[in-house]
Structure formats: structure tokens, C-alpha cells
Amino acid sequence: MAAFGTVFMPQMALAKYEDQQWGDSEIVSSDSISLHPGAHVLHYSSTCFEGLKAFRHEDGSVHIFRMDANIKRMAQSAELLSLPAFKPELLEQMVKDIVAKFADEVPAAPGSMYIRPTFIGTEPAIGKAAAPTSSALLYVLLSPVGDYFAVGAKPLRLLLEENGMRCAPHMGMVKSGGNYASALGPISQARSEVDADQVLFCPGGDVQETGAANFILIDGDELITKALDSSFLHGVTRNSILTLARDLGLKVSERELTVEELLERAAKPGCEAALSGTAAVLTPVGTLIHNGKEHTVGNGEAGETTLKLRQALNDIQWGKAQDQHSWLTSI
């Protein structure tokens, strides 16, 4: 497979918002879109997106994972960015239509079809820095992807950053490109200076999230992660993992976690840490870097509970385990 997310299906689903109303969705070429150089999105970042996947089961059928949760989150992002409201049924049908059209291209396990709904403001008005766009595009791209862990689940190295934030606190729960862009500088610096894979933002000692994923700590039979607020992304994979953890009998603690407590717990031999996200499900964390010192998490390898939770979620996605929570939508 090519690098994750670099190959696209030749067509996409697209709908336009103009004259205060939505037009019908249509299937169009995915090689380009037409934008005026003064488009609102290019100057004032009126954009949000989602990431979800479709999976092929052993019987050949195709199923989309947690589409309703992703659509709900995108509607929330759109509202917080003052983008035009859309009916969930519109985006749901767009996703279904484009996945159905390319159902034969959905890879078998361990691959999947990555689905990227995208919403942008298109009004050509550079004088509207303090006003929302009056026109917009909503489209859905597809990208067949392979196993994120094709070369093995190598534990990550995270730099703990206490002096900066991933994004503005009131924007954290919005899945918008600007939030990712604001984290690129610190991540690049961490890679060059301490060979870190990612930055775990901990403003004022409060453990939050990395540049592109939620953080989870597992200490014995307890799973600890930050409680939901507006400062960080409300991950669908995070929610799925917490649900499965409860199903397995783990104690799930959604609460504040300080850097001090994190490092104290990480030093225990059986402690585990992981990042959760759509692409990798759960990525093990083996090293935390803080004030120039490296701290090994547990034994530094992928933990047993981390692997068990990831496998449990994968089994549901690929139809190898019962979908007890009704997370799959058949195509």
C-alpha cells in the first residue's frame, strides 16, 4: 500500500450551499475543486473535517464504523465555526452513496477504506473576517488504506510540553485544520531536538492530548484519561475504547491527570500508555520525555491491555466479534 491517506478514489460525493439552501448531492471527479482566491476558507479558516472508516467482512459485505458519531461531531464543529447548518441525513447519504459506489475497492482486513468528509466556506469575500461565509462546499473523499502497523506496533516517544497548548482552549473540540497546523511547529521541534514522535500537550501540568490523538494511561485495571471539555478533541475512537474497557471490566476514570501523577504511575512495571485515533486505533507509548529526562512507561513495550483493547475494536470493525453497541452501518 502507498503511504497512509495518499491514494484517493477517482470520484467523491459533493453538495453545495448557496442562496441560503443546500443543493442535492452529486458524485463528481475528486481530482480538483474550483475556489475563488478570495474564498473564505483560504483567509479565515472556515473549515472542518472528519475521519472514519469502512471495513470489508469475511463474507464480502462492507460496513461503516460509527458514522452517526462522526456526523454528530462534524455538525458540532460546523456550528462552532459558524459554517452553514446541514441535516445529518444529507451527510449520511453522501457517505453511503460514495462508499457504495466504490464498495468493491474496500480492502480486506487488515486494510480499510478511510472516509474523509470535508466542509469549507467558499464565499469570495476577504472583508468578512468577522462574519461567516454565505456559501460552502461539503464533500466526501475516499482513500483505501492498509494496516497502520504493517511494520509492527513500535512504541512511541512523547515529549511532555507544559508551556504550550495544541490550540486555543475554546477550539479544542473542533476538528479543524487550524488546530493541527498550530501543533506542527512544536512537533517538528520535538522530533529534531529529542527524537520524539509526538508532543503530549500538558499546559500548566494538565495532561491533555497530542497533536493528532487522545492520550490514555492504563495502570493495572484502571484506565485514566482526561474528562471531556472544550479544550481537546472528543475522539470517537477514544469513546469506543472506553466503552470496550468497561465491557472488559476495567475501571474507567475520566478526570484530570497531572504530569507528576503521570510520571509516577508510568514508572510502575505494568503501566501502559497509548494514543487513540481513527488511523491507528491504539498506538502504544513507550517513552515520556520531560525536562530533558527520558521516562520509560512500564517495560517500554506495547502493553497487554493496550493490545487487547485494540484487538477487541478491530474484531468488531472486521466482523469477527459481535457488534453489541450497534456501531456498524451496512452498505
# chains A, B, ... in the order shown; residues from 1 in each chain; ligands from 1

$ select_by_dssp --residues "segment 94-268 of chain A" --states "strand (DSSP E)" --output "PyMOL selection string"
chain A and resi 112-121+136-145+156-161+198-201+214-219+222-225+251-254

$ select_by_dssp --residues "segment 92-289 of chain A" --states "helix (DSSP H, G or I)" --output "VMD selection string"
chain A and resid 92 to 101 103 to 105 169 to 171 177 to 194 203 to 205 236 to 247 259 to 266

$ closest_residue --among "A:Leu309, A:Ala212, A:Met171, A:Leu90" --to "Leu248 of chain A" --atoms "only C-alpha atoms"
A:Leu309

$ atom_distance --atom1 "atom CA of Lys154 of chain A" --atom2 "atom CA of Phe49 of chain A"
28.0 Å

$ residues_around --residues "Leu158 of chain A" --least-positions-apart "5" --cutoff "6 Å" --atoms "only C-alpha atoms" --output "list in words"
Ala196, Gln198, Val199 and Leu288 of chain A

$ write_last_selection --atoms "C-alpha atoms" --output "CSV table (one decimal), in the first residue's frame"
chain,number,residue,atom,x,y,z
A,196,ALA,CA,10.2,12.4,19.8
A,198,GLN,CA,4.7,13.4,19.1
A,199,VAL,CA,4.1,16.1,21.6
A,288,LEU,CA,7.9,10.0,28.0

$ residues_around --residues "Glu254 of chain A" --least-positions-apart "3" --cutoff "9 Å" --atoms "only C-alpha atoms" --output "JSON, numbers by chain"
{"A": [223, 224, 225, 226, 227, 228, 257]}

$ closest_residue --among "A:Ala131, A:Val106, A:Leu159, A:Leu141" --to "Trp318 of chain A" --atoms "only C-alpha atoms"
A:Val106

$ closest_atom_pairs --of "segment 95-174 of chain A" --to "segment 14-36 of chain A" --cutoff "8 Å" --atoms "only C-alpha atoms" --output "tab-separated table"
residue	atom	partner	partner_atom	distance
A:Ile98	CA	A:Ile27	CA	7.3
A:Thr122	CA	A:Leu35	CA	6.8
A:Pro124	CA	A:His36	CA	6.0
A:Ser134	CA	A:Glu18	CA	7.0
A:Ser135	CA	A:Glu18	CA	5.0
A:Ala136	CA	A:Tyr17	CA	5.0
A:Leu137	CA	A:Lys16	CA	4.8
A:Leu138	CA	A:Ala15	CA	5.3
A:Tyr139	CA	A:Leu14	CA	4.2
A:Val140	CA	A:Leu14	CA	6.6
A:Leu141	CA	A:Ser30	CA	7.3

$ closest_atom_pairs --of "segment 69-99 of chain A" --to "segment 230-246 of chain A" --cutoff "12 Å" --atoms "only C-alpha atoms" --output "tab-separated table"
residue	atom	partner	partner_atom	distance
A:Ala69	CA	A:Val236	CA	6.8
A:Asn70	CA	A:Val236	CA	7.0
A:Ile71	CA	A:Val236	CA	10.6
A:Lys72	CA	A:Val236	CA	10.4
A:Arg73	CA	A:His234	CA	8.2
A:Met74	CA	A:His234	CA	11.1
A:Gln76	CA	A:His234	CA	10.8
A:Ser77	CA	A:Leu233	CA	10.3
A:Leu80	CA	A:Ser230	CA	10.8

$ write_last_selection --atoms "all heavy atoms" --output "PDB file, in the first residue's frame"
ATOM      1  N   ALA A  69     -21.749   8.954  14.964  1.00  0.00           N
ATOM      2  CA  ALA A  69     -20.945   9.741  15.902  1.00  0.00           C
ATOM      3  C   ALA A  69     -20.085  10.764  15.174  1.00  0.00           C
ATOM      4  O   ALA A  69     -19.922  11.904  15.635  1.00  0.00           O
ATOM      5  CB  ALA A  69     -20.067   8.817  16.742  1.00  0.00           C
ATOM      6  N   ASN A  70     -19.530  10.371  14.040  1.00  0.00           N
ATOM      7  CA  ASN A  70     -18.702  11.299  13.271  1.00  0.00           C
ATOM      8  C   ASN A  70     -19.535  12.423  12.667  1.00  0.00           C
ATOM      9  O   ASN A  70     -19.103  13.576  12.634  1.00  0.00           O
ATOM     10  CB  ASN A  70     -17.936  10.550  12.182  1.00  0.00           C
ATOM     11  CG  ASN A  70     -16.741   9.791  12.723  1.00  0.00           C
ATOM     12  OD1 ASN A  70     -15.657  10.325  12.851  1.00  0.00           O
ATOM     13  ND2 ASN A  70     -16.961   8.530  13.068  1.00  0.00           N
ATOM     14  N   ILE A  71     -20.730  12.098  12.191  1.00  0.00           N
ATOM     15  CA  ILE A  71     -21.599  13.130  11.624  1.00  0.00           C
ATOM     16  C   ILE A  71     -22.026  14.111  12.714  1.00  0.00           C
ATOM     17  O   ILE A  71     -22.060  15.330  12.504  1.00  0.00           O
ATOM     18  CB  ILE A  71     -22.819  12.490  10.934  1.00  0.00           C
ATOM     19  CG1 ILE A  71     -22.373  11.750   9.669  1.00  0.00           C
ATOM     20  CG2 ILE A  71     -23.860  13.550  10.583  1.00  0.00           C
ATOM     21  CD1 ILE A  71     -23.484  10.987   8.978  1.00  0.00           C
ATOM     22  N   LYS A  72     -22.349  13.598  13.879  1.00  0.00           N
ATOM     23  CA  LYS A  72     -22.734  14.461  15.004  1.00  0.00           C
ATOM     24  C   LYS A  72     -21.599  15.403  15.376  1.00  0.00           C
ATOM     25  O   LYS A  72     -21.813  16.597  15.630  1.00  0.00           O
ATOM     26  CB  LYS A  72     -23.130  13.598  16.204  1.00  0.00           C
ATOM     27  CG  LYS A  72     -23.591  14.392  17.410  1.00  0.00           C
ATOM     28  CD  LYS A  72     -24.012  13.466  18.553  1.00  0.00           C
ATOM     29  CE  LYS A  72     -24.455  14.273  19.764  1.00  0.00           C
ATOM     30  NZ  LYS A  72     -24.867  13.371  20.889  1.00  0.00           N
ATOM     31  N   ARG A  73     -20.369  14.879  15.396  1.00  0.00           N
ATOM     32  CA  ARG A  73     -19.223  15.727  15.743  1.00  0.00           C
ATOM     33  C   ARG A  73     -18.965  16.769  14.668  1.00  0.00           C
ATOM     34  O   ARG A  73     -18.601  17.910  14.959  1.00  0.00           O
ATOM     35  CB  ARG A  73     -17.976  14.876  15.979  1.00  0.00           C
ATOM     36  CG  ARG A  73     -16.793  15.685  16.515  1.00  0.00           C
ATOM     37  CD  ARG A  73     -15.629  14.802  16.919  1.00  0.00           C
ATOM     38  NE  ARG A  73     -15.070  14.084  15.786  1.00  0.00           N
ATOM     39  CZ  ARG A  73     -14.017  13.259  15.879  1.00  0.00           C
ATOM     40  NH1 ARG A  73     -13.453  13.042  17.055  1.00  0.00           N
ATOM     41  NH2 ARG A  73     -13.548  12.637  14.816  1.00  0.00           N
ATOM     42  N   MET A  74     -19.173  16.409  13.398  1.00  0.00           N
ATOM     43  CA  MET A  74     -18.953  17.376  12.337  1.00  0.00           C
ATOM     44  C   MET A  74     -19.985  18.494  12.391  1.00  0.00           C
ATOM     45  O   MET A  74     -19.667  19.664  12.141  1.00  0.00           O
ATOM     46  CB  MET A  74     -18.985  16.698  10.967  1.00  0.00           C
ATOM     47  CG  MET A  74     -18.520  17.616   9.842  1.00  0.00           C
ATOM     48  SD  MET A  74     -18.142  16.707   8.336  1.00  0.00           S
ATOM     49  CE  MET A  74     -17.226  17.938   7.424  1.00  0.00           C
ATOM     50  N   GLN A  76     -21.322  19.576  15.058  1.00  0.00           N
ATOM     51  CA  GLN A  76     -20.879  20.393  16.189  1.00  0.00           C
ATOM     52  C   GLN A  76     -19.739  21.320  15.773  1.00  0.00           C
ATOM     53  O   GLN A  76     -19.741  22.514  16.105  1.00  0.00           O
ATOM     54  CB  GLN A  76     -20.414  19.484  17.329  1.00  0.00           C
ATOM     55  CG  GLN A  76     -19.771  20.205  18.501  1.00  0.00           C
ATOM     56  CD  GLN A  76     -19.263  19.213  19.543  1.00  0.00           C
ATOM     57  OE1 GLN A  76     -19.985  18.838  20.444  1.00  0.00           O
ATOM     58  NE2 GLN A  76     -18.025  18.785  19.417  1.00  0.00           N
ATOM     59  N   SER A  77     -18.773  20.790  15.031  1.00  0.00           N
ATOM     60  CA  SER A  77     -17.661  21.612  14.545  1.00  0.00           C
ATOM     61  C   SER A  77     -18.165  22.731  13.655  1.00  0.00           C
ATOM     62  O   SER A  77     -17.724  23.880  13.769  1.00  0.00           O
ATOM     63  CB  SER A  77     -16.651  20.745  13.773  1.00  0.00           C
ATOM     64  OG  SER A  77     -16.003  19.822  14.613  1.00  0.00           O
ATOM     65  N   LEU A  80     -19.727  25.514  15.706  1.00  0.00           N
ATOM     66  CA  LEU A  80     -18.737  26.309  16.430  1.00  0.00           C
ATOM     67  C   LEU A  80     -17.907  27.193  15.500  1.00  0.00           C
ATOM     68  O   LEU A  80     -17.351  28.204  15.929  1.00  0.00           O
ATOM     69  CB  LEU A  80     -17.827  25.386  17.240  1.00  0.00           C
ATOM     70  CG  LEU A  80     -18.517  24.634  18.387  1.00  0.00           C
ATOM     71  CD1 LEU A  80     -17.576  23.609  19.002  1.00  0.00           C
ATOM     72  CD2 LEU A  80     -19.013  25.612  19.447  1.00  0.00           C
TER      73      LEU A  80
END

$ closest_residue --among "A:Ser143, A:Asn179, A:Gln11, A:Ser46" --to "Lys101 of chain A" --atoms "only C-alpha atoms"
A:Gln11

$ closest_residue --among "A:Ile64, A:Asn314, A:Leu81, A:Leu184" --to "Asp97 of chain A" --atoms "only C-alpha atoms"
A:Ile64

$ residues_around --residues "Glu162 of chain A" --least-positions-apart "5" --cutoff "8 Å" --atoms "only C-alpha atoms" --output "VMD selection string"
chain A and resid 201 to 206

$ write_last_selection --atoms "C-alpha atoms" --output "JSON list (two decimals), in the first residue's frame"
[["chain", "number", "residue", "atom", "x", "y", "z"],
["A", 201, "PHE", "CA", 0.44, 18.91, 25.44],
["A", 202, "CYS", "CA", 0.16, 19.41, 29.20],
["A", 203, "PRO", "CA", -0.47, 23.14, 29.77],
["A", 204, "GLY", "CA", 0.18, 24.02, 33.39],
["A", 205, "GLY", "CA", 0.83, 20.35, 34.14],
["A", 206, "ASP", "CA", -2.63, 19.20, 32.91]]
